[in-house]
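Enquirer: Submitted below is the structure of interest, expressed as structure tokens.
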Amino acid sequence: MRTLLFCLVLLVLGGCATTAEHGPGPFQAPVHRGLPEDPSVERHFQVHDPWEGFNRNMYHFNAQLDRYVYLPVVRTYEAVLPDSVQQGVSNIFNNLKEIPIFVNSVLQGNPKKASVSFGRFVFNTTIGLGGLIDVLGNGGIPQENEDFGQTLGVWGVPSGPYLVLPVVGPSGVRDAGGLAVDAAMNLNPADMFLDGVGWAARSSATMGVYGLKAVDARHQVKFRYYETGSPFEYQLVRFIYSKKRELDIEK
Amino acid sequence: MLRFLLSCLFVLAGFLPARAYDYPFKNPYEATVLATLPRDEFPLESVRPAGLADLNPLRDLGAVRARELLLHERPVPEILWYDDTLQYSLALQRRIAPLLFIIAGTGSSYDSATCRFLQAVFHRAGFHVVSLSSPTYPNFVVSASTTQVPGFIPQDVADLYQSMDAIVSQIGRDKISSYNLTGYSLGGTQSAFLAELDTREKRFGFDKVMLLNPAVSLLTSATILDRLLSDNVADQGEATRVVADLVSDLSEAYRGSNEVNFGDEFLFALHGNRSISEKELKILIGVAFRVSLASMVFTSDVCTGAGYIAPRGHRVEKNESLSPYLDAAVGVSFEDYVDQYLLPFLAFRDPAMTRERAVAASSLESIAPFLRRAENIAVMTNADDIILTKDNFRFLESTFAGRLTLYPAGGHCGNLRYRDNVAAMLEFFRK
């Protein structure tokens with residue numbers, strides 16, 4: 001089923017790319033400014049990116065997926081549901097994220113962040129009706145930002161080369177590994193509450209929750225591809241992502 | 001005698017502003033970079049919605065929609081696939097209303113902070129508002145420019161005019177009671193040219209036009225910005241180092257702060273701790289201009305295939321590293337761009353074109369007689385605007401006479417969101 005869906009997406013994206021070929025116009029500039037890359041130049045904003053070709057293809061793929069599939073779904077979701085319901089959905093998923101955040105804070109030996117995360121989970125799950133209301137966030141205690149990639153960073157694992165993942169986007173070798181660990185710690189509410197029902201019903205509920213989670217995740221991320229307007233956006237995003245990760249690990 | 005003195009005082013008081021102009025940054029470079037702090041911004045809530053129906057919270061007053069419009073049926077280079085349509089934003093009223101166009105400044109988009117802010121203000125004030133990117137913004141170059149070579153104002157303005165006309169057709173002319181126009185920086189200059197073009201084409205008949213911090217001559221102002229860099233750094237390496245230092249200080253501040261995100265006042269807070277020197281501010285403005293220019297130059301070059309940055313005949317692939325092109329493109333000053341690319345292109349299309357003619361045609365001086373007569377056009381700028389020369393100020397004063405508002409501080413566009421400025425804009429367009 002998932003393979004079929006994936007093929008369909010590829011087909012849609014392929015269809016969008018069939019426009020007439022662009023060719024150079026008649027005017028030729030009298031001067032050519034292009035230079036061969038000069039290795040002696042100091043590069044303050046350079047990021048280690050040996051797989052740039054693959055990464056750029058993936059960036060391109062993600063952007064097309066976003067424009068033709070992902071964002072239209074998210075926009076429909078945003079148009080159909082009232083803001084309060086959308087906020088509630090985000091709160092529930094964010095509350096479940098407290099589990100990996102707590103575990104990672106402990107693994108990093110950061111008792112302050114661990115206690116914030118623990119407190120948020122306990123209060124928001126009980127008083128906040130299963131995480132529907134972010135009671136502590138409204139009271140000025142926002143969610144910490146921790147994941148297993150950062151934990152590995154604290155333990156001294158180097159970030160490794162820059163890596164653009166399908167759908168997820170900018171990452172690194174270390175952080176991509178971390179994502180898998182965090183995902184294992186993330187509970188699916190459908191699995192918890194539908195213990196007695198049949199396999200078919202439970203697995204479709206599970207898929208439904210994953211789908212909703214994916215839509216909510218995109219809804220929560222403000223980033224839009226090519227919003228910088230610059231043809232050099234890939235480099236900019238690469239630098240900002242890497243710098244931000246580096247700082248978050250030190251924080 | 002005392003009575004006479006008192007009455008004199010009263011008369012004098014009538015000429016003085018009610019209170020002094022309090023914009024905080026007196027250094028024009030500081031103003032240009034730090035602009036307006038949220039606490040000094042014009043308060044949006046102070047603008048009343050147009051009618052009772054708009055007070056209904058279920059109605060989406062203030063909703064701004066990003067829109068797309070296909071203007072040219074022509075192939076788009078693969079690496080610029082996402083720029084096939086012109087992007088702009090639209091905030092409509094539910095009834096017939098006056099329309100305001102906002103044209104962004106050099107290298108800026110319809111979604112720039114200034115555009116968004118002015119759009120929100122005027123939408124609340126009862127206008128339909130359309131924000132358009134600058135013709136120097138890559139999306140406009142690819143999707144809306146006829147030649148895809150920006151920088152020659154008469155051509156850029158013709159393209160803007162076509163886009164505005166197409167957008168108005170989509171909105172429906174019957175929903176619009178009058179047409180108004182504003183723009184900041186280069187967008188201000190273009191607004192003046194648009195008003196002039198409209199007296200010939202007659203598709204809108206602008207009611208009011210306000211030029212915000214306009215450049216008088218594009219080449220003069222761009223050269224001033226070029227010099228901020230060339231006068232203050234020895235080479236590209238030094239400029240990069242200054243920016244890298246600033247980024248690392250910003251990072252340091254981020255690490256040390258409890259804030260989870262960079263807020264609007266983050267740079268200001270940093271400035272308070274570490275004080276960015278005037279030289280650094282100049283370099284920062286110069287670099288920002290260079291980088292936005294690099295995006296424009298490379299985009300145009302890829303579209304025309306002229307071989308200025310990428311080798312002629314080479315198709316830039318989507319998985320190709322663009323770093324060498326970025327390096328080459330940031331080395332291009334505006335003057336280089338004009339002499340090595342724009343002018344040769346104009347001469348290629350029209351052999352009678354000379355440098356003098358092209359430069360003159362991109363200056364407000366070329367439409368001075370029209371501007372002198374046009375009572376509906378006003379100018380708002382600052383006495384310390386860094387992109388204007390003494391001659392430029394003299395030209396503005398003599399041409400616009402009573403229609404020029406000159407604020408004592410604000411640098412280049414630093415005070416566009418400041419309360420007094422926005423209040424003055426509102427008063428102008430509402431009258």
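Note on naming: chains are A, B, ... as they come in the structure tokens, residues start from 1 per chain, ligands start from 1 in the order shown.
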May I have the residues of chain A within 8 Å of chain B, counting only C-alpha atoms, written as an MDAnalysis selection string?
Expert: chainID A and resid 19:37 41:42 44:45 52:57 60 226 229:232 235 247:248 250:251
Enquirer: Tell me, as JSON, numbers by chain, which residues lie within 8 Å of Asn145 (chain A), counting only C-alpha atoms; anything in the same chain fewer than 2 positions away does not count.
Expert: {"A": [101, 143, 147]}
Enquirer: Measuring between only C-alpha atoms, which one of B:Val338, B:Ser89, B:Ser143, B:Phe193 shows the shortest distance to Thr354 (chain B)?
Expert: B:Val338
Enquirer: So, with only C-alpha atoms as the atoms that count, which of B:Pro369, B:Pro351, B:Gly183, B:Pro28 lies closest to Ser131 (chain B)?
Expert: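 Of B:Pro369, B:Pro351, B:Gly183, B:Pro28, the one nearest Ser131 (chain B), counting only C-alpha atoms, is B:Gly183.
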Enquirer: Give me, please, the distance in Å between CA of Leu284 (chain B) and CA of Ile224 (chain B), quoted to one decimal.
Expert: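 It comes out at 13.7 Å.
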